[in-house]
Amino acid sequence: MNEDEKYLFDLTGYIVVKNVLDEEALARCNEAIDHYAGGIRERTQSLAGSATALQGITGRGELSGMLGWEPPWREPFRDMLTHPRIVPYLHEILGKGFRLDHLPSLIGMRRGAEGHQLHGSSGPGFDPHQYYIFQDGRMHNGLTVVTWQLTDVNPGDGGLCVVPGSHKCNFALPRELRTYEQHQEFVKQIPCKAGDVVIFTEAVTHGTLPWQSEQQRRSILFRYSPGNLAYAKHYVDWPEAFVDGLSEEQRAVMEAPYHLRLERPALDDGGTLE
Ligand SMILES: O=C(O)CCC(=O)C(=O)O
């Protein structure tokens with residue numbers, strides 16, 4: 001993560017890493033999703049709630065379990081766990097020994113799918129699981145999201161949106177911003193090309209705008225925490241199929257939370273075990 005990128009992440013709470021997946025890697029991911037597409041479930045429990053501006057004709061589609069799919073379908077998603085283009089960013093944002101916190105999942109949205117009310121954890125009050133702090137010359141983050149875009153997100157398509165800079169906000173999120181009914185000029189939709197990756201701290205206010213494109217939205221979300229911290233309890237018993245056949249590096253990021261000093265396996269910036 002170069003100095004400009006650190007500045008921009010500190011300023012805004014997110015960063016777009018361009019061209020992480022090439023055409024071949026993208027094709028492998030999308031073929032795997034096609035193979036399991038019958039399992040995509042459209043939510044019946046609304047994420048837009050009463051927010052008029054975020055309503056849609058259907059709930060967002062969701063699919064998880066990719067780390068445990070039959071080979072070869074699982075491999076491109078397992079590769080994401082320790083991808084050498086992404087590991088250096090996670091070292092800067094979360095520190096050495098970062099760990100997978102949640103089960104990875106697909107957000108699949110068809111045209112007209114509803115949005116998700118804006119949310120984030122900057123304040124008021126301190127959330128010890130989801131935070132952004134700058135101390136001793138570096139940033140410290142709690143839960144952090146890595147979103148892999150498998151299809152293009154064009155300006156105006158909808159999808160992931162953030163309020164840049166809100167990870168440092170001290171006051172409560174206004175209700176009308178949460179529901180995208182006022183202050184929309186502060187909300188930024190994030191256009192991407194397929195193969196780009198968006199990394200954002202859960203502390204930044206973010207949400208989802210209703211999906212407008214004919215092309216299905218396909219985003220894979222990985223959520224990581226620093227090595228000492230857990231938000232979710234999946235690590236207590238990762239499903240056997242998820243860990244079976246993982247490389248040492250991949251296992252290292254599935255490790256339970258504990259101190260780096262206690263022989264915690266950690267990666268170097270190239271994504272191999274130190
Ligand atoms: O649409 C997105 O990528 C954001 C999703 C999100 O914030 C969530 O599921 O909590």
# chains A, B, ... in the order shown; residues from 1 in each chain; ligands from 1
call {"tool": "residues_around", "arguments": {"residues": "Met139 in chain A", "least_positions_apart": "6", "cutoff": "10 Å", "atoms": "only C-alpha atoms", "output": "PyMOL selection string"}}
result
chain A and resi 6+9-10+92-95+132-133
call {"tool": "residues_around", "arguments": {"residues": "Tyr14 in chain A", "least_positions_apart": "2", "cutoff": "7 Å", "atoms": "only C-alpha atoms", "output": "ChimeraX atom specification"}}
result
/A:9,12,199-201
call {"tool": "residues_around", "arguments": {"residues": "Glu249 in chain A", "least_positions_apart": "2", "cutoff": "10 Å", "atoms": "only C-alpha atoms", "output": "list in words"}}
result
Leu81, Thr82, Leu246, Ser247, Arg251, Ala252, Val253, Met254, Pro265, Ala266, Leu267, Asp268, Gly271, Thr272, Leu273 and Glu274 of chain A
call {"tool": "write_last_selection", "arguments": {"atoms": "N, CA and C atoms", "output": "CSV table (one decimal), in the first residue's frame"}}
result
chain,number,residue,atom,x,y,z
A,81,LEU,N,-8.4,-15.8,-0.5
A,81,LEU,CA,-8.1,-15.7,0.9
A,81,LEU,C,-6.8,-15.0,1.2
A,82,THR,N,-5.8,-15.4,0.3
A,82,THR,CA,-4.4,-14.9,0.6
A,82,THR,C,-3.8,-14.3,-0.7
A,246,LEU,N,-7.0,-27.1,2.5
A,246,LEU,CA,-6.5,-25.7,2.5
A,246,LEU,C,-5.0,-25.8,2.5
A,247,SER,N,-4.3,-24.8,1.8
A,247,SER,CA,-2.9,-24.7,2.0
A,247,SER,C,-2.6,-24.1,3.4
A,251,ARG,N,-4.9,-21.7,5.7
A,251,ARG,CA,-5.2,-22.1,7.1
A,251,ARG,C,-4.8,-21.0,8.0
A,252,ALA,N,-3.7,-20.3,7.7
A,252,ALA,CA,-3.2,-19.3,8.6
A,252,ALA,C,-4.3,-18.2,8.8
A,253,VAL,N,-5.0,-17.9,7.7
A,253,VAL,CA,-6.0,-16.8,7.9
A,253,VAL,C,-7.3,-17.3,8.4
A,254,MET,N,-7.4,-18.6,8.6
A,254,MET,CA,-8.7,-19.1,9.2
A,254,MET,C,-8.4,-19.4,10.7
A,265,PRO,N,0.6,-18.2,13.1
A,265,PRO,CA,1.1,-18.2,11.7
A,265,PRO,C,0.7,-16.9,11.0
A,266,ALA,N,1.6,-16.3,10.3
A,266,ALA,CA,1.3,-15.1,9.6
A,266,ALA,C,2.0,-15.1,8.2
A,267,LEU,N,1.4,-14.3,7.3
A,267,LEU,CA,1.9,-14.3,5.9
A,267,LEU,C,2.9,-13.1,5.8
A,268,ASP,N,3.7,-13.3,4.8
A,268,ASP,CA,4.5,-12.1,4.4
A,268,ASP,C,3.7,-11.3,3.3
A,271,GLY,N,2.1,-13.2,0.5
A,271,GLY,CA,1.0,-14.1,0.7
A,271,GLY,C,1.5,-15.5,1.0
A,272,THR,N,2.8,-15.6,1.3
A,272,THR,CA,3.3,-17.0,1.7
A,272,THR,C,3.6,-16.9,3.2
A,273,LEU,N,3.7,-18.1,3.8
A,273,LEU,CA,3.9,-18.2,5.3
A,273,LEU,C,5.2,-17.7,5.7
A,274,GLU,N,5.3,-16.9,6.7
A,274,GLU,CA,6.6,-16.3,7.2
A,274,GLU,C,7.4,-17.4,7.9
call {"tool": "residues_near_ligand", "arguments": {"ligand": "ligand 1", "cutoff": "6 Å", "atoms": "only C-alpha atoms and all ligand atoms", "output": "MDAnalysis selection string"}}
result
chainID A and resid 159:160 206:208
call {"tool": "closest_residue", "arguments": {"among": "A:Glu181, A:Asp196, A:Glu5, A:Asp157", "to": "Gln216 in chain A", "atoms": "only C-alpha atoms"}}
result
A:Asp157
call {"tool": "select_by_dssp", "arguments": {"residues": "range 13-99 of chain A", "states": "strand (DSSP E)", "output": "ChimeraX atom specification"}}
result
/A:14-17,41-42,61-64,99
call {"tool": "select_by_dssp", "arguments": {"residues": "range 28-252 of chain A", "states": "helix (DSSP H, G or I)", "output": "PyMOL selection string"}}
result
chain A and resi 28-35+37-39+52-54+66-68+75-81+87-94+166-168+175-178+184-186+234-237+240-243+248-252
call {"tool": "residues_around", "arguments": {"residues": "Val163 in chain A", "least_positions_apart": "3", "cutoff": "9 Å", "atoms": "only C-alpha atoms", "output": "list of chain:residue names"}}
result
A:Thr12, A:Gly13, A:Leu118, A:Ser166, A:His167, A:Phe186, A:Val187, A:Lys188, A:Gln189, A:Val204, A:Thr205, A:His206
call {"tool": "write_last_selection", "arguments": {"atoms": "C-alpha atoms", "output": "mmCIF file, in the first residue's frame"}}
result
data_model
loop_
_atom_site.group_PDB
_atom_site.id
_atom_site.type_symbol
_atom_site.label_atom_id
_atom_site.label_comp_id
_atom_site.auth_asym_id
_atom_site.auth_seq_id
_atom_site.Cartn_x
_atom_site.Cartn_y
_atom_site.Cartn_z
ATOM 1 C CA THR A 12 -12.170 8.191 2.924
ATOM 2 C CA GLY A 13 -12.350 4.803 4.718
ATOM 3 C CA LEU A 118 -26.798 2.823 5.285
ATOM 4 C CA SER A 166 -17.567 8.978 7.875
ATOM 5 C CA HIS A 167 -15.317 6.420 9.607
ATOM 6 C CA PHE A 186 -22.562 12.882 0.572
ATOM 7 C CA VAL A 187 -23.205 9.300 -0.577
ATOM 8 C CA LYS A 188 -20.828 7.903 -3.211
ATOM 9 C CA GLN A 189 -21.631 4.916 -5.358
ATOM 10 C CA VAL A 204 -17.307 3.877 7.386
ATOM 11 C CA THR A 205 -21.001 4.493 6.753
ATOM 12 C CA HIS A 206 -21.968 2.306 3.803
#
call {"tool": "residues_around", "arguments": {"residues": "Tyr231 in chain A", "least_positions_apart": "5", "cutoff": "8 Å", "atoms": "only C-alpha atoms", "output": "ChimeraX atom specification"}}
result
/A:101,129,143,225
call {"tool": "closest_residue", "arguments": {"among": "A:Pro71, A:Pro76, A:Gly120, A:Pro239", "to": "Leu177 in chain A", "atoms": "only C-alpha atoms"}}
result
A:Gly120
call {"tool": "residues_around", "arguments": {"residues": "Arg264 in chain A", "least_positions_apart": "6", "cutoff": "9 Å", "atoms": "only C-alpha atoms", "output": "count of residues only"}}
result
5
call {"tool": "closest_residue", "arguments": {"among": "A:Gln250, A:Ser219, A:Asn154, A:Ser46", "to": "Phe98 in chain A", "atoms": "only C-alpha atoms"}}
result
A:Gln250
call {"tool": "residues_around", "arguments": {"residues": "Gly61 in chain A", "least_positions_apart": "3", "cutoff": "12 Å", "atoms": "only C-alpha atoms", "output": "ChimeraX atom specification"}}
result
/A:37-47,58,64,105-115,211,216-220
call {"tool": "closest_residue", "arguments": {"among": "A:Gly123, A:Val17, A:Gly59, A:Asn30", "to": "Phe77 in chain A", "atoms": "only C-alpha atoms"}}
result
A:Asn30
call {"tool": "closest_residue", "arguments": {"among": "A:Pro191, A:Pro124, A:Gly65, A:Pro104", "to": "Gly158 in chain A", "atoms": "only C-alpha atoms"}}
result
A:Pro191
call {"tool": "closest_residue", "arguments": {"among": "A:Gly137, A:Pro164, A:Gly56, A:Gly142", "to": "Ile15 in chain A", "atoms": "only C-alpha atoms"}}
result
A:Pro164
call {"tool": "atom_distance", "arguments": {"atom1": "CA of Phe171 in chain A", "atom2": "CA of Phe126 in chain A"}}
result
11.5 Å
